[in-house]
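Chemist: See upload28.txt below, with compact mmCIF, C-alpha atoms.
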# COMPACT_ATOMS: atom_id res chain seq x y z
CA MET A 9 -18.20 18.61 44.35
CA TYR A 10 -16.57 17.03 41.30
CA ASN A 11 -12.85 16.51 40.66
CA ASN A 12 -10.55 15.82 37.74
CA GLN A 13 -6.95 15.70 38.95
CA GLU A 14 -6.13 19.16 40.41
CA LEU A 15 -9.37 20.66 39.04
CA THR A 16 -12.50 20.89 41.20
CA ILE A 17 -15.93 22.35 40.56
CA ARG A 18 -18.04 22.97 43.65
CA PRO A 19 -20.73 25.22 45.14
CA ILE A 20 -19.64 28.66 46.29
CA ASN A 21 -19.02 29.20 49.98
CA GLU A 22 -18.58 32.39 51.98
CA ASN A 23 -14.78 32.16 51.82
CA ASP A 24 -14.93 32.42 48.01
CA MET A 25 -16.64 35.79 47.88
CA LYS A 26 -13.58 38.04 48.19
CA ARG A 27 -11.77 36.07 45.47
CA LEU A 28 -14.81 36.18 43.18
CA TRP A 29 -15.08 39.93 43.58
CA GLU A 30 -11.38 40.29 42.72
CA LEU A 31 -11.80 38.15 39.60
CA ILE A 32 -15.08 39.62 38.37
CA TYR A 33 -15.74 43.14 39.64
CA LYS A 34 -12.52 44.67 40.98
CA GLU A 35 -11.35 45.93 37.55
CA GLU A 36 -13.28 48.16 35.18
CA GLN A 37 -11.96 46.43 32.03
CA PRO A 38 -10.75 42.91 32.88
CA GLU A 39 -9.10 40.83 30.14
CA TRP A 40 -11.69 38.02 30.41
CA LYS A 41 -14.50 40.42 29.41
CA LYS A 42 -13.04 40.65 25.88
CA TRP A 43 -14.27 37.07 25.35
CA ASP A 44 -17.34 36.81 27.58
CA ALA A 45 -20.05 38.77 25.77
CA PRO A 46 -17.93 41.91 25.36
CA TYR A 47 -20.81 43.68 23.62
CA TYR A 48 -22.53 43.96 27.05
CA PRO A 49 -21.12 46.61 29.38
CA HIS A 50 -19.13 45.65 32.46
CA LYS A 51 -18.67 47.87 35.48
CA ALA A 52 -16.35 47.55 38.45
CA ILE A 53 -18.14 47.71 41.80
CA PRO A 54 -16.92 48.09 45.39
CA TYR A 55 -16.63 44.90 47.44
CA GLU A 56 -19.40 45.96 49.83
CA SER A 57 -21.84 46.44 46.94
CA PHE A 58 -20.80 43.09 45.47
CA ILE A 59 -21.57 41.27 48.73
CA GLN A 60 -24.97 42.95 49.09
CA LYS A 61 -25.91 42.16 45.49
CA ASN A 62 -24.40 38.66 45.15
CA GLY A 63 -24.55 37.11 48.61
CA ASP A 64 -27.13 34.65 47.28
CA TRP A 65 -24.40 33.01 45.19
CA ILE A 66 -23.36 31.12 48.34
CA GLY A 67 -24.72 27.59 48.06
CA ASP A 68 -26.56 28.33 44.78
CA ASP A 69 -26.88 25.10 42.78
CA SER A 70 -26.70 27.00 39.48
CA PHE A 71 -23.49 28.95 40.15
CA TRP A 72 -20.29 27.11 41.16
CA VAL A 73 -16.58 27.90 41.30
CA ILE A 74 -13.78 26.31 39.32
CA GLU A 75 -10.72 25.63 41.46
CA VAL A 76 -7.32 24.62 40.18
CA ALA A 77 -4.89 23.32 42.81
CA GLY A 78 -7.06 24.87 45.52
CA VAL A 79 -7.27 28.36 43.95
CA VAL A 80 -10.55 29.72 42.53
CA ARG A 81 -9.93 30.51 38.85
CA GLY A 82 -13.43 31.00 37.50
CA ILE A 83 -17.11 30.19 37.58
CA ILE A 84 -19.43 27.70 35.94
CA THR A 85 -23.17 28.28 35.74
CA TYR A 86 -26.52 27.26 34.35
CA TYR A 87 -29.73 29.13 33.76
CA TRP A 88 -33.17 28.16 32.53
CA GLU A 89 -34.03 29.25 29.03
CA HIS A 90 -37.43 27.59 29.57
CA LYS A 91 -37.80 25.55 32.77
CA PRO A 92 -41.17 23.88 31.96
CA SER A 93 -39.52 22.10 29.01
CA GLN A 94 -36.22 21.58 30.90
CA TRP A 95 -34.31 23.83 28.45
CA LEU A 96 -31.13 24.65 30.29
CA GLU A 97 -28.09 26.65 29.13
CA ILE A 98 -24.63 26.65 30.70
CA GLY A 99 -21.83 29.16 30.95
CA ILE A 100 -18.21 29.29 32.03
CA VAL A 101 -15.62 32.00 32.62
CA LEU A 102 -11.98 31.47 33.50
CA HIS A 103 -11.09 34.93 34.71
CA GLU A 104 -7.29 34.85 34.41
CA ALA A 105 -5.54 34.67 31.06
CA GLY A 106 -2.97 32.30 32.60
CA SER A 107 -5.73 29.69 32.89
CA TRP A 108 -6.63 29.81 29.20
CA GLY A 109 -5.50 27.28 26.61
CA LYS A 110 -4.68 24.53 29.13
CA GLY A 111 -7.82 22.38 28.85
CA ILE A 112 -9.20 23.62 32.18
CA GLY A 113 -12.43 24.89 30.63
CA THR A 114 -13.02 21.67 28.72
CA ARG A 115 -12.48 19.52 31.83
CA ALA A 116 -14.62 21.81 34.00
CA LEU A 117 -17.49 21.80 31.49
CA LYS A 118 -17.27 18.02 31.18
CA LEU A 119 -17.68 17.68 34.96
CA TRP A 120 -20.50 20.26 34.97
CA ILE A 121 -22.44 18.57 32.17
CA GLU A 122 -22.01 15.18 33.87
CA HIS A 123 -23.33 16.70 37.10
CA LEU A 124 -26.32 18.29 35.36
CA PHE A 125 -27.31 15.13 33.49
CA GLU A 126 -26.92 13.08 36.71
CA SER A 127 -28.89 15.45 38.92
CA MET A 128 -31.69 16.66 36.61
CA PRO A 129 -34.09 15.08 34.09
CA LEU A 130 -32.55 17.04 31.22
CA VAL A 131 -32.85 16.04 27.57
CA ARG A 132 -30.27 18.58 26.35
CA VAL A 133 -27.52 20.87 27.65
CA GLY A 134 -26.26 23.78 25.60
CA PHE A 135 -24.62 27.17 25.56
CA THR A 136 -24.67 30.38 23.55
CA THR A 137 -21.55 32.29 22.59
CA TRP A 138 -20.43 34.60 19.80
CA SER A 139 -18.35 33.80 16.73
CA GLY A 140 -15.46 35.90 18.08
CA ASN A 141 -14.99 33.42 20.92
CA GLU A 142 -13.39 30.64 18.90
CA ARG A 143 -11.98 28.92 22.00
CA MET A 144 -15.47 28.40 23.42
CA ILE A 145 -16.74 27.00 20.14
CA HIS A 146 -13.76 24.62 20.08
CA VAL A 147 -14.52 23.47 23.64
CA GLY A 148 -18.09 22.67 22.59
CA GLU A 149 -16.80 20.65 19.63
CA LYS A 150 -14.33 18.74 21.85
CA LEU A 151 -17.20 17.81 24.17
CA GLY A 152 -19.26 16.47 21.25
CA MET A 153 -21.71 19.35 21.01
CA GLN A 154 -23.42 20.23 17.77
CA MET A 155 -23.78 23.72 16.38
CA GLU A 156 -27.54 24.09 16.57
CA ALA A 157 -27.92 27.70 15.50
CA ARG A 158 -25.95 30.52 13.96
CA ILE A 159 -27.72 33.85 14.02
CA ARG A 160 -25.72 35.95 11.63
CA LYS A 161 -24.33 39.39 12.39
CA VAL A 162 -26.29 40.14 15.58
CA ARG A 163 -23.37 40.89 17.94
CA TYR A 164 -21.58 44.18 17.37
CA TYR A 165 -18.17 44.65 18.96
CA GLU A 166 -15.32 47.06 18.17
CA GLY A 167 -16.72 48.05 14.80
CA HIS A 168 -17.50 44.53 13.56
CA TYR A 169 -20.56 42.30 13.46
CA TYR A 170 -20.30 38.75 14.79
CA ASP A 171 -22.66 35.79 14.75
CA SER A 172 -24.43 34.42 17.81
CA ILE A 173 -23.63 30.71 18.11
CA ARG A 174 -25.75 28.17 19.95
CA MET A 175 -24.31 24.72 20.66
CA GLY A 176 -25.82 21.74 22.46
CA ILE A 177 -25.72 18.05 23.18
CA LEU A 178 -28.53 15.59 23.90
CA ARG A 179 -28.40 13.22 26.85
CA GLU A 180 -28.13 10.15 24.60
CA GLU A 181 -25.30 11.74 22.61
CA TRP A 182 -23.46 12.59 25.84
CA LYS A 183 -23.81 9.03 27.15
CA ALA A 184 -22.57 7.55 23.88
CA LEU A 185 -19.49 9.77 23.91
CA HIS A 186 -18.60 10.00 27.61
CA GLN A 187 -19.70 6.77 29.33
Translate the structure of the given file into structure tokens.

Modeler:
Amino acid sequence: MYNNQELTIRPINENDMKRLWELIYKEEQPEWKKWDAPYYPHKAIPYESFIQKNGDWIGDDSFWVIEVAGVVRGIITYYWEHKPSQWLEIGIVLHEAGSWGKGIGTRALKLWIEHLFESMPLVRVGFTTWSGNERMIHVGEKLGMQMEARIRKVRYYEGHYYDSIRMGILREEWKALHQ
């Protein structure tokens, strides 16, 4: 568990599951999906199906919740792009529009990246987003990440093509900026 004032990131426990379902899968077209890879389909699912499919989230080191003042507001994750070379990518979703634009995502990602560099022999941490998600790109810049790749016009959404954006930071760059 990591804290920054009223913000906490921590592993998921059983008590979080109902809230996570409400945030992620209760609605067919949630507002947050317009920013989180909207070019991939999203489908609402019943709570019982969610529990059967996602019960392994509990205690998963790669999938944590973001709490603000004791209320789960989103998730923070990592996945292996290529584990043998320690190539890890991160993700974040704040599921309620009321949580956006307040620095919560930046603070949560800072805690998450600190945790990952402390707990794993990583050389680099990065994420992939799309050019339509300007807030996420700005968060990466605030954290000192570099734009490492821009794959032009490969994401199609609502009649427009967008670029895929890959950002990252090396361990030594992180230490120089945040220690």

Chemist: Which of these residues is nearest to Trp43 in chain A, using only C-alpha atoms: A:Glu22, A:Glu126, A:Glu142, A:Glu97?

Modeler: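 When distances to Trp43 in chain A are compared using only C-alpha atoms, the smallest one comes from A:Glu142.
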
Chemist: Counting only C-alpha atoms, which residues have an atom no more than 8 Å from (-14.0, 35.8, 22.3) in the file's coordinates? Please list them as a PyMOL selection string.

Modeler: chain A and resi 42-46+138-144

Chemist: Any chance you could export the current selection's C-alpha atoms as a PDB file, in the coordinates of the input?

Modeler:
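Generated file (again_27.pdb):
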ATOM      1  CA  LYS A  42     -13.040  40.650  25.880  1.00  0.00           C
ATOM      2  CA  TRP A  43     -14.270  37.070  25.350  1.00  0.00           C
ATOM      3  CA  ASP A  44     -17.340  36.810  27.580  1.00  0.00           C
ATOM      4  CA  ALA A  45     -20.050  38.770  25.770  1.00  0.00           C
ATOM      5  CA  PRO A  46     -17.930  41.910  25.360  1.00  0.00           C
ATOM      6  CA  TRP A 138     -20.430  34.600  19.800  1.00  0.00           C
ATOM      7  CA  SER A 139     -18.350  33.800  16.730  1.00  0.00           C
ATOM      8  CA  GLY A 140     -15.460  35.900  18.080  1.00  0.00           C
ATOM      9  CA  ASN A 141     -14.990  33.420  20.920  1.00  0.00           C
ATOM     10  CA  GLU A 142     -13.390  30.640  18.900  1.00  0.00           C
ATOM     11  CA  ARG A 143     -11.980  28.920  22.000  1.00  0.00           C
ATOM     12  CA  MET A 144     -15.470  28.400  23.420  1.00  0.00           C
TER      13      MET A 144
END

Chemist: Please return as a ChimeraX atom specification every residue within 12 Å of (-15.1, 46.1, 36.8), taking into account only C-alpha atoms and the file's own coordinates.

Modeler: /A:28-41,49-55,58

Chemist: From the options A:Lys161, A:Lys118, A:His123, A:Lys91, which residue's atoms come nearest to Leu185 in chain A, counting only C-alpha atoms?

Modeler: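 Looking only at the distances to Leu185 in chain A, the closest residue turns out to be A:Lys118.
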
Chemist: Select, from A:Ile83, A:Met175, A:Leu117, A:Val162, the residue with the minimum atom-to-atom distance to Asn11 in chain A, counting all atoms listed in the file.

Modeler: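 Going through A:Ile83, A:Met175, A:Leu117, A:Val162 one by one, the smallest distance to Asn11 in chain A is for A:Leu117.
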
Chemist: To one decimal place in Å, what is the distance between CA of Leu130 in chain A and CA of Ile173 in chain A?

Modeler: 20.9 Å

Chemist: So that all listed atoms of range 132-151 of chain A fit with 4 Å spare on each side, what axis-aligned box centre and edge lengths in Å, to one decimal, would you give as lines of an AutoDock Vina configuration file?

Modeler:
center_x = -21.1
center_y = 26.9
center_z = 22.2
size_x = 26.3
size_y = 26.1
size_z = 18.9

Chemist: Between A:Gly111, A:Trp182, A:Gln13, A:Ile84, which has the minimum distance to His146 in chain A (counting only C-alpha atoms)?

Modeler: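 Once distances to His146 in chain A are computed over only C-alpha atoms, the minimum belongs to A:Gly111.
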
Chemist: Find the residue from A:Gly109, A:Pro92, A:Gly148, A:Gly99 that sits nearest to Ile177 in chain A; use all atoms listed in the file when measuring.

Modeler: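 Using all atoms listed in the file, Ile177 in chain A sits closest to A:Gly148.
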
Chemist: In Å, rounded to a single decimal, give me how far CA of Ala157 in chain A is from CA of Thr136 in chain A.

Modeler: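 Interatomic distance, CA of Thr136 in chain A to CA of Ala157 in chain A: 9.1 Å.
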
Chemist: Would you compute the distance between CA of Met153 in chain A and CA of Gly134 in chain A? Give it in Å to one decimal.

Modeler: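 The value is 7.8 Å.
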
Chemist: Which of these residues is nearest to Phe71 in chain A, using all atoms listed in the file: A:Pro19, A:Val133, A:Trp108, A:Ser93?

Modeler: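 Closest to Phe71 in chain A, using all atoms listed in the file: A:Pro19.
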
Chemist: Taking 3 positions as the minimum chain separation for residues in the same chain, which residues sit within 12 Å of Gly78 in chain A when counting only C-alpha atoms? Answer as a count of residues only.

Modeler: 13

Chemist: Using only C-alpha atoms, which residues sit within 12 Å of Lys183 in chain A once same-chain residues fewer than 3 positions away are excluded, as a list of chain:residue names?

Modeler: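 Result of the neighbour search: A:Lys118, A:Ile121, A:Glu122, A:Phe125, A:Glu126, A:Val131, A:Arg132, A:Leu151, A:Gly152, A:Ile177, A:Leu178, A:Arg179, A:Glu180, A:His186, A:Gln187.
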
Chemist: Give me the residues within 8 Å of Tyr47 in chain A as a ChimeraX atom specification, counting all atoms listed in the file and dropping any in the same chain fewer than 4 places off.

Modeler: /A:163-165
